[in-house]
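Peer 1: Below is a structure I'd like to ask you about.
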Amino acid sequence: METVLSGIRSTGNLHLGNYFGAVRNFVKMQDNNNCFFFIADYHSLTTYPTPHDLHNNVKMVLAEYLAAGLDPEKSAIFVQSDVPEIPEFYLLLVMNAYVGELERTTTFKDKVRTQPENVNAGLLTYPVLMAADILIHNADKVPVGKDQEQNLEMARKFARRFNHMYKVDYFKDPEPYNFGEDLVKVPGLDGSGKMGKTAGNGLYLIDDDKTIRQKVMRAVTDSGPTTPNSPVSEPIQNLFLIMNLVSQPETLSFYKEKYADCSIRYGDLKKQLAEDIVTYITPIRERITGIINDEAYLRKVSKLGAEKARASASKTLKDVREIIGFKTF
Ligand code: TYM
């Protein structure tokens, strides 16, 4: 049986990018694998949430996970900060990570560029904490979106480096996973780039029908095709990509054909897309509202998840400490 692990930072509500990038694939894998899914609340500290927001974000994301189909009986669903073995393991791993390689990661370089006033060391060592999350359960597969590919590459590098350094074959190579296909990059509604929490271009699992319709109707388009079979511009390609995820295949081919013969009306395309998103999201949103106020259930789920995660993490940490050479007198 393979070990599957994934996680999401608790910095806001889940959007369709998170759902299709990480959650949906994970949900499909719960029956036949040893599964861990967690809320990366330590990672969220790089953005300095208030104490109130820190807790509420964790609670919200937990409710959203459950509503999206993660099953606490089948998987270990846990909060990162409930597992003290993770930061200890991170401390051990960070000694074997080089400042130069961390400075060269795309996400770090982006932060340096976009928020030069706050380049904290947590941002620099972010991939090490992420590697600790993954390697502490010796995961085989990590369902993630395309944007996490480089972080996964770092985790593999740290795993191999540890094995090499201590002449062991302890860690496996964790593989970024999307059922043998390319990793998913769900685009935003603003014509370019990916759907993101900070970009303000996202469709959220908790969005109500009206909000979804408004957001989709406002999505960026172009002036329309004028010659048959002309190449599809990025904003329209993005709408097709989202349609591919939420609509019936024949709906997508219908609009693609309309584009190809220049008879497409973007208003119709958007209306159809909005309705398909509403249909997709509504049952999830209804489950979220049912779960979010059930404190007792959320407590039970996180406690059970933490127990399962700690059982697995403490075993790895014990082995790693021995391999490194820590001994008690
Ligand atoms: P985060 O919270 O930014 O995103 C969580 C997951 O959602 C995916 N995702 C997307 N996928 C497709 N299209 C998009 N537009 C899109 N936006 C986000 C991400 O790829 C990710 O899979 N560092 C991680 C959290 C983390 C983690 C881990 C993940 C910490 N430790 C260990 C896996 C394993 C992060 O910030 O993801």
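In the structure tokens, the first chain shown is A, the next is B, and so on; residue numbers restart at 1 for each chain, and ligands run from 1 in the order shown.
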Within 7 Å of ligand 1, counting only C-alpha atoms and all ligand atoms: which residues, as a PDB file with N, CA, C and O atoms, in the first residue's frame?

Peer 2:
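Final file, out_28.pdb:
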ATOM      1  N   LEU A   5       0.227  11.834   0.553  1.00  0.00           N
ATOM      2  CA  LEU A   5       0.132  12.969   1.478  1.00  0.00           C
ATOM      3  C   LEU A   5      -0.099  14.256   0.703  1.00  0.00           C
ATOM      4  O   LEU A   5       0.464  14.438  -0.380  1.00  0.00           O
ATOM      5  N   SER A   6      -0.959  15.098   1.239  1.00  0.00           N
ATOM      6  CA  SER A   6      -1.058  16.425   0.653  1.00  0.00           C
ATOM      7  C   SER A   6      -1.468  17.430   1.718  1.00  0.00           C
ATOM      8  O   SER A   6      -1.870  17.043   2.812  1.00  0.00           O
ATOM      9  N   GLY A   7      -1.350  18.707   1.379  1.00  0.00           N
ATOM     10  CA  GLY A   7      -1.693  19.728   2.371  1.00  0.00           C
ATOM     11  C   GLY A   7      -1.979  21.049   1.715  1.00  0.00           C
ATOM     12  O   GLY A   7      -1.702  21.260   0.533  1.00  0.00           O
ATOM     13  N   ILE A   8      -2.565  21.939   2.506  1.00  0.00           N
ATOM     14  CA  ILE A   8      -2.910  23.273   2.039  1.00  0.00           C
ATOM     15  C   ILE A   8      -2.595  24.260   3.158  1.00  0.00           C
ATOM     16  O   ILE A   8      -2.835  23.968   4.329  1.00  0.00           O
ATOM     17  N   ARG A   9      -2.040  25.380   2.802  1.00  0.00           N
ATOM     18  CA  ARG A   9      -1.775  26.438   3.781  1.00  0.00           C
ATOM     19  C   ARG A   9      -3.095  27.049   4.230  1.00  0.00           C
ATOM     20  O   ARG A   9      -3.985  27.278   3.396  1.00  0.00           O
ATOM     21  N   SER A  10      -3.187  27.365   5.522  1.00  0.00           N
ATOM     22  CA  SER A  10      -4.448  27.947   6.014  1.00  0.00           C
ATOM     23  C   SER A  10      -4.368  29.462   5.930  1.00  0.00           C
ATOM     24  O   SER A  10      -4.274  30.147   6.941  1.00  0.00           O
ATOM     25  N   GLY A  17      -8.806  26.233  -7.607  1.00  0.00           N
ATOM     26  CA  GLY A  17      -7.426  25.809  -7.866  1.00  0.00           C
ATOM     27  C   GLY A  17      -6.973  24.808  -6.815  1.00  0.00           C
ATOM     28  O   GLY A  17      -6.458  23.739  -7.147  1.00  0.00           O
ATOM     29  N   ASN A  18      -7.206  25.126  -5.554  1.00  0.00           N
ATOM     30  CA  ASN A  18      -6.834  24.199  -4.475  1.00  0.00           C
ATOM     31  C   ASN A  18      -7.597  22.883  -4.638  1.00  0.00           C
ATOM     32  O   ASN A  18      -7.026  21.798  -4.501  1.00  0.00           O
ATOM     33  N   TYR A  19      -8.868  23.016  -4.931  1.00  0.00           N
ATOM     34  CA  TYR A  19      -9.712  21.823  -5.015  1.00  0.00           C
ATOM     35  C   TYR A  19      -9.238  20.885  -6.135  1.00  0.00           C
ATOM     36  O   TYR A  19      -8.994  19.704  -5.899  1.00  0.00           O
ATOM     37  N   PHE A  20      -9.074  21.447  -7.336  1.00  0.00           N
ATOM     38  CA  PHE A  20      -8.684  20.580  -8.454  1.00  0.00           C
ATOM     39  C   PHE A  20      -7.202  20.233  -8.427  1.00  0.00           C
ATOM     40  O   PHE A  20      -6.794  19.207  -8.960  1.00  0.00           O
ATOM     41  N   GLY A  21      -6.382  21.109  -7.817  1.00  0.00           N
ATOM     42  CA  GLY A  21      -4.951  20.815  -7.746  1.00  0.00           C
ATOM     43  C   GLY A  21      -4.641  19.743  -6.720  1.00  0.00           C
ATOM     44  O   GLY A  21      -3.853  18.834  -6.989  1.00  0.00           O
ATOM     45  N   ALA A  22      -5.250  19.833  -5.549  1.00  0.00           N
ATOM     46  CA  ALA A  22      -4.809  18.949  -4.474  1.00  0.00           C
ATOM     47  C   ALA A  22      -5.910  18.049  -3.922  1.00  0.00           C
ATOM     48  O   ALA A  22      -5.705  16.859  -3.699  1.00  0.00           O
ATOM     49  N   ALA A  40      -1.554  23.267   6.697  1.00  0.00           N
ATOM     50  CA  ALA A  40      -0.209  23.793   6.968  1.00  0.00           C
ATOM     51  C   ALA A  40      -0.331  25.148   7.668  1.00  0.00           C
ATOM     52  O   ALA A  40      -0.210  26.195   7.048  1.00  0.00           O
ATOM     53  N   HIS A  43       3.124  27.008   8.048  1.00  0.00           N
ATOM     54  CA  HIS A  43       3.465  27.711   6.808  1.00  0.00           C
ATOM     55  C   HIS A  43       2.714  29.053   6.702  1.00  0.00           C
ATOM     56  O   HIS A  43       3.208  29.990   6.098  1.00  0.00           O
ATOM     57  N   LEU A 129      10.524  23.014   5.391  1.00  0.00           N
ATOM     58  CA  LEU A 129       9.379  22.624   6.228  1.00  0.00           C
ATOM     59  C   LEU A 129       8.431  21.742   5.421  1.00  0.00           C
ATOM     60  O   LEU A 129       7.891  20.757   5.920  1.00  0.00           O
ATOM     61  N   MET A 130       8.279  22.094   4.173  1.00  0.00           N
ATOM     62  CA  MET A 130       7.405  21.292   3.310  1.00  0.00           C
ATOM     63  C   MET A 130       7.986  19.882   3.113  1.00  0.00           C
ATOM     64  O   MET A 130       7.250  18.886   3.144  1.00  0.00           O
ATOM     65  N   ALA A 131       9.297  19.817   2.949  1.00  0.00           N
ATOM     66  CA  ALA A 131       9.940  18.497   2.817  1.00  0.00           C
ATOM     67  C   ALA A 131       9.745  17.700   4.107  1.00  0.00           C
ATOM     68  O   ALA A 131       9.490  16.487   4.075  1.00  0.00           O
ATOM     69  N   ASP A 133       7.205  17.898   6.136  1.00  0.00           N
ATOM     70  CA  ASP A 133       5.818  17.414   6.107  1.00  0.00           C
ATOM     71  C   ASP A 133       5.696  16.111   5.320  1.00  0.00           C
ATOM     72  O   ASP A 133       4.976  15.193   5.714  1.00  0.00           O
ATOM     73  N   ILE A 134       6.401  16.081   4.204  1.00  0.00           N
ATOM     74  CA  ILE A 134       6.250  14.954   3.274  1.00  0.00           C
ATOM     75  C   ILE A 134       7.073  13.753   3.740  1.00  0.00           C
ATOM     76  O   ILE A 134       6.587  12.623   3.782  1.00  0.00           O
ATOM     77  N   VAL A 142       2.331  12.675  -3.847  1.00  0.00           N
ATOM     78  CA  VAL A 142       1.868  13.934  -3.274  1.00  0.00           C
ATOM     79  C   VAL A 142       0.983  14.648  -4.311  1.00  0.00           C
ATOM     80  O   VAL A 142       1.492  15.269  -5.245  1.00  0.00           O
ATOM     81  N   PRO A 143      -0.343  14.528  -4.171  1.00  0.00           N
ATOM     82  CA  PRO A 143      -1.219  15.231  -5.118  1.00  0.00           C
ATOM     83  C   PRO A 143      -1.125  16.750  -4.895  1.00  0.00           C
ATOM     84  O   PRO A 143      -1.486  17.250  -3.830  1.00  0.00           O
ATOM     85  N   VAL A 144      -0.603  17.445  -5.881  1.00  0.00           N
ATOM     86  CA  VAL A 144      -0.442  18.907  -5.794  1.00  0.00           C
ATOM     87  C   VAL A 144      -0.716  19.524  -7.159  1.00  0.00           C
ATOM     88  O   VAL A 144      -0.742  18.824  -8.171  1.00  0.00           O
ATOM     89  N   GLY A 145      -0.875  20.840  -7.168  1.00  0.00           N
ATOM     90  CA  GLY A 145      -0.982  21.571  -8.423  1.00  0.00           C
ATOM     91  C   GLY A 145       0.400  21.854  -8.983  1.00  0.00           C
ATOM     92  O   GLY A 145       1.424  21.641  -8.322  1.00  0.00           O
ATOM     93  N   LYS A 146       0.405  22.347 -10.187  1.00  0.00           N
ATOM     94  CA  LYS A 146       1.637  22.608 -10.933  1.00  0.00           C
ATOM     95  C   LYS A 146       2.589  23.541 -10.172  1.00  0.00           C
ATOM     96  O   LYS A 146       3.814  23.376 -10.213  1.00  0.00           O
ATOM     97  N   ASP A 147       2.029  24.507  -9.446  1.00  0.00           N
ATOM     98  CA  ASP A 147       2.873  25.496  -8.767  1.00  0.00           C
ATOM     99  C   ASP A 147       3.741  24.890  -7.653  1.00  0.00           C
ATOM    100  O   ASP A 147       4.674  25.537  -7.188  1.00  0.00           O
ATOM    101  N   GLN A 148       3.429  23.667  -7.233  1.00  0.00           N
ATOM    102  CA  GLN A 148       4.210  23.059  -6.146  1.00  0.00           C
ATOM    103  C   GLN A 148       5.287  22.110  -6.663  1.00  0.00           C
ATOM    104  O   GLN A 148       5.975  21.450  -5.881  1.00  0.00           O
ATOM    105  N   VAL A 184      -2.105  19.911 -12.582  1.00  0.00           N
ATOM    106  CA  VAL A 184      -3.144  20.865 -12.961  1.00  0.00           C
ATOM    107  C   VAL A 184      -2.735  22.295 -12.606  1.00  0.00           C
ATOM    108  O   VAL A 184      -2.156  22.529 -11.556  1.00  0.00           O
ATOM    109  N   LYS A 185      -3.050  23.216 -13.514  1.00  0.00           N
ATOM    110  CA  LYS A 185      -2.927  24.633 -13.152  1.00  0.00           C
ATOM    111  C   LYS A 185      -4.261  25.296 -13.488  1.00  0.00           C
ATOM    112  O   LYS A 185      -4.562  25.541 -14.664  1.00  0.00           O
ATOM    113  N   VAL A 186      -5.080  25.519 -12.482  1.00  0.00           N
ATOM    114  CA  VAL A 186      -6.373  26.143 -12.739  1.00  0.00           C
ATOM    115  C   VAL A 186      -6.140  27.644 -12.914  1.00  0.00           C
ATOM    116  O   VAL A 186      -5.583  28.295 -12.034  1.00  0.00           O
ATOM    117  N   PRO A 187      -6.560  28.198 -14.057  1.00  0.00           N
ATOM    118  CA  PRO A 187      -6.310  29.622 -14.291  1.00  0.00           C
ATOM    119  C   PRO A 187      -7.285  30.498 -13.504  1.00  0.00           C
ATOM    120  O   PRO A 187      -8.331  30.031 -13.064  1.00  0.00           O
ATOM    121  N   GLY A 188      -6.948  31.761 -13.365  1.00  0.00           N
ATOM    122  CA  GLY A 188      -7.858  32.715 -12.739  1.00  0.00           C
ATOM    123  C   GLY A 188      -8.832  33.275 -13.769  1.00  0.00           C
ATOM    124  O   GLY A 188      -8.816  32.873 -14.933  1.00  0.00           O
ATOM    125  N   LYS A 194      -2.467  31.956 -12.660  1.00  0.00           N
ATOM    126  CA  LYS A 194      -3.245  30.905 -12.002  1.00  0.00           C
ATOM    127  C   LYS A 194      -4.221  31.493 -10.995  1.00  0.00           C
ATOM    128  O   LYS A 194      -4.036  32.617 -10.522  1.00  0.00           O
ATOM    129  N   MET A 195      -5.234  30.712 -10.693  1.00  0.00           N
ATOM    130  CA  MET A 195      -6.154  31.111  -9.641  1.00  0.00           C
ATOM    131  C   MET A 195      -5.391  31.070  -8.329  1.00  0.00           C
ATOM    132  O   MET A 195      -4.714  30.094  -8.033  1.00  0.00           O
ATOM    133  N   GLY A 196      -5.467  32.151  -7.561  1.00  0.00           N
ATOM    134  CA  GLY A 196      -4.702  32.188  -6.318  1.00  0.00           C
ATOM    135  C   GLY A 196      -5.445  32.910  -5.221  1.00  0.00           C
ATOM    136  O   GLY A 196      -6.409  33.630  -5.477  1.00  0.00           O
TER     137      GLY A 196
END

Peer 1: Could you build a table of the residues in region 114-201 of chain A lying no more than 10 Å from region 79-99 of chain A, giving for each the nearest pair of atoms and their separation in Å rounded to one decimal place, using only C-alpha atoms, ordered by chain and ascending residue number, as CSV?

Peer 2:
residue,atom,partner,partner_atom,distance
A:Leu124,CA,A:Val99,CA,8.0
A:Thr125,CA,A:Val94,CA,7.4
A:Tyr126,CA,A:Tyr90,CA,10.0
A:Pro127,CA,A:Ala97,CA,9.5
A:Val128,CA,A:Val94,CA,6.1
A:Leu129,CA,A:Tyr90,CA,5.5
A:Met130,CA,A:Tyr90,CA,8.5
A:Ala131,CA,A:Tyr90,CA,7.9
A:Ala132,CA,A:Tyr90,CA,5.3
A:Asp133,CA,A:Ile86,CA,6.4
A:Ile134,CA,A:Ile86,CA,9.6
A:Leu135,CA,A:Phe89,CA,9.1
A:Ile136,CA,A:Ile86,CA,7.1
A:His137,CA,A:Ile86,CA,10.0
A:Met154,CA,A:Ala97,CA,9.4
A:Lys157,CA,A:Ala97,CA,9.3
A:Phe158,CA,A:Ala97,CA,7.2
A:Ala159,CA,A:Leu93,CA,9.1
A:Arg161,CA,A:Asn96,CA,7.8
A:Phe162,CA,A:Asn96,CA,7.7
A:Met165,CA,A:Asn96,CA,9.2

Peer 1: Give the strand (DSSP E) residues of region 68-163 of chain A, as assigned by DSSP on the backbone, as a list in words.

Peer 2: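 These are the residues in question: Ser75, Ala76, Ile77, Phe78, Val79, Lys141, Val142 and Pro143 of chain A.
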
Peer 1: In Å to one decimal, how far is CA of Lys258 (chain A) from CA of Phe240 (chain A)?

Peer 2: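 CA of Phe240 (chain A) sits 12.2 Å away from CA of Lys258 (chain A).
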
Peer 1: Might you pull out every residue within 6 Å of Asn33 (chain A), with only C-alpha atoms counted and same-chain residues fewer than 5 positions away left off, and present them as a count of residues only?

Peer 2: 3

Peer 1: Using DSSP on the backbone coordinates, identify all residues within region 49-278 of chain A classified as helix (DSSP H, G or I); present the result as a ChimeraX atom specification.

Peer 2: /A:51-68,80-82,85-94,99-103,106-114,116-118,121-124,126-135,146-165,209-217,234-246,249-260,266-278

Peer 1: Taking only C-alpha atoms into account, produce a table as a tab-separated table in which each residue of region 237-314 of chain A with an atom at most 9 Å from an atom of region 74-77 of chain A appears once, together with its shortest atom pair and the distance in Å to one decimal, ordered by chain and rising number.

Peer 2:
residue	atom	partner	partner_atom	distance
A:Val301	CA	A:Ile77	CA	7.1
A:Ser302	CA	A:Ile77	CA	6.5
A:Leu304	CA	A:Ala76	CA	7.4
A:Gly305	CA	A:Ala76	CA	4.5
A:Ala306	CA	A:Ala76	CA	7.4
A:Glu307	CA	A:Ala76	CA	8.4
A:Lys308	CA	A:Ala76	CA	5.8
A:Ala309	CA	A:Ala76	CA	6.3

Peer 1: Would you save the residues of that selection, restricted to N, CA, C and O atoms, as a short mmCIF file (atom, residue, chain, number, x, y, z; two decimals), in the first residue's frame?

Peer 2:
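That gives us again30.cif:
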data_model
loop_
_atom_site.label_atom_id
_atom_site.label_comp_id
_atom_site.auth_asym_id
_atom_site.auth_seq_id
_atom_site.Cartn_x
_atom_site.Cartn_y
_atom_site.Cartn_z
N VAL A 301 -12.46 15.17 14.79
CA VAL A 301 -11.71 14.86 13.56
C VAL A 301 -10.24 15.23 13.72
O VAL A 301 -9.34 14.44 13.40
N SER A 302 -9.97 16.42 14.26
CA SER A 302 -8.56 16.86 14.33
C SER A 302 -7.79 16.05 15.37
O SER A 302 -6.60 15.79 15.20
N LEU A 304 -8.41 12.85 16.19
CA LEU A 304 -8.16 11.53 15.58
C LEU A 304 -7.03 11.63 14.55
O LEU A 304 -6.12 10.79 14.50
N GLY A 305 -7.08 12.71 13.75
CA GLY A 305 -6.05 12.91 12.71
C GLY A 305 -4.67 13.08 13.33
O GLY A 305 -3.69 12.50 12.86
N ALA A 306 -4.61 13.89 14.40
CA ALA A 306 -3.32 14.14 15.06
C ALA A 306 -2.76 12.85 15.63
O ALA A 306 -1.55 12.59 15.54
N GLU A 307 -3.63 12.02 16.18
CA GLU A 307 -3.15 10.74 16.74
C GLU A 307 -2.53 9.87 15.65
O GLU A 307 -1.44 9.32 15.80
N LYS A 308 -3.24 9.78 14.53
CA LYS A 308 -2.73 8.94 13.43
C LYS A 308 -1.41 9.53 12.90
O LYS A 308 -0.45 8.81 12.63
N ALA A 309 -1.39 10.85 12.71
CA ALA A 309 -0.19 11.48 12.14
C ALA A 309 0.99 11.36 13.09
O ALA A 309 2.12 11.11 12.66
#

Peer 1: Pick from A:Gly202, A:Pro283, A:Gly267, A:Gly12: nearest to Ile242 (chain A), with only C-alpha atoms counted?

Peer 2: A:Gly202

Peer 1: Pick out the residues sitting within 12 Å of Gln248 (chain A), and hand them over as a list in words; count only C-alpha atoms, and ignore anything fewer than 2 positions along from it in its own chain.

Peer 2: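 Using only C-alpha atoms, the neighbours found are Phe240, Ile242, Met243, Asn244, Leu245, Val246, Glu250, Thr251, Leu252, Ser253, Phe254, Tyr255, Gln272, Leu273, Glu275, Asp276, Ile277, Thr279 and Tyr280 of chain A.
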
Peer 1: Considering only C-alpha atoms, can you say which of A:Tyr259, A:Arg160, A:Lys315, A:Ala199 comes closest to Ser223 (chain A)?

Peer 2: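 Checking each of A:Tyr259, A:Arg160, A:Lys315, A:Ala199 against Ser223 (chain A), counting only C-alpha atoms, the winner is A:Tyr259.
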
Peer 1: Between A:Asn293, A:Thr316, A:Thr227, A:Asn138, which is the closest to Asp261 (chain A) once you count only C-alpha atoms?

Peer 2: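 Residue with the minimum atom-to-atom distance to Asp261 (chain A): A:Thr227.
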
Peer 1: For Thr11 (chain A), which residue among A:Thr198, A:Glu73, A:Pro174, A:Phe36 is the nearest when counting only C-alpha atoms?

Peer 2: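 Smallest separation from Thr11 (chain A) among the options: A:Thr198.
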
Peer 1: If we count only C-alpha atoms, what is near Leu189 (chain A) at a cut-off of 6 Å, once residues fewer than 2 positions away on the same chain are taken out, given as a short mmCIF file (atom, residue, chain, number, x, y, z; two decimals) with all heavy atoms, in the first residue's frame?

Peer 2:
data_model
loop_
_atom_site.label_atom_id
_atom_site.label_comp_id
_atom_site.auth_asym_id
_atom_site.auth_seq_id
_atom_site.Cartn_x
_atom_site.Cartn_y
_atom_site.Cartn_z
N GLY A 191 -7.79 36.61 -16.95
CA GLY A 191 -7.16 36.57 -18.27
C GLY A 191 -5.79 35.96 -18.33
O GLY A 191 -5.36 35.46 -19.35
N ASN A 201 -8.57 36.62 -7.95
CA ASN A 201 -9.18 36.18 -9.22
C ASN A 201 -9.86 34.83 -9.07
O ASN A 201 -10.07 34.12 -10.02
CB ASN A 201 -8.10 36.10 -10.31
CG ASN A 201 -7.04 35.08 -9.95
OD1 ASN A 201 -7.15 34.38 -8.95
ND2 ASN A 201 -6.01 34.98 -10.77
N ALA A 219 -15.44 37.96 -16.01
CA ALA A 219 -14.15 37.39 -16.43
C ALA A 219 -13.66 38.05 -17.72
O ALA A 219 -14.46 38.40 -18.60
CB ALA A 219 -14.30 35.88 -16.65
#

Peer 1: Considering only C-alpha atoms, can you say which of A:Val4, A:Tyr48, A:Ala63, A:Asn32 comes closest to Ile288 (chain A)?

Peer 2: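 Selected residue with least distance to Ile288 (chain A): A:Ala63.
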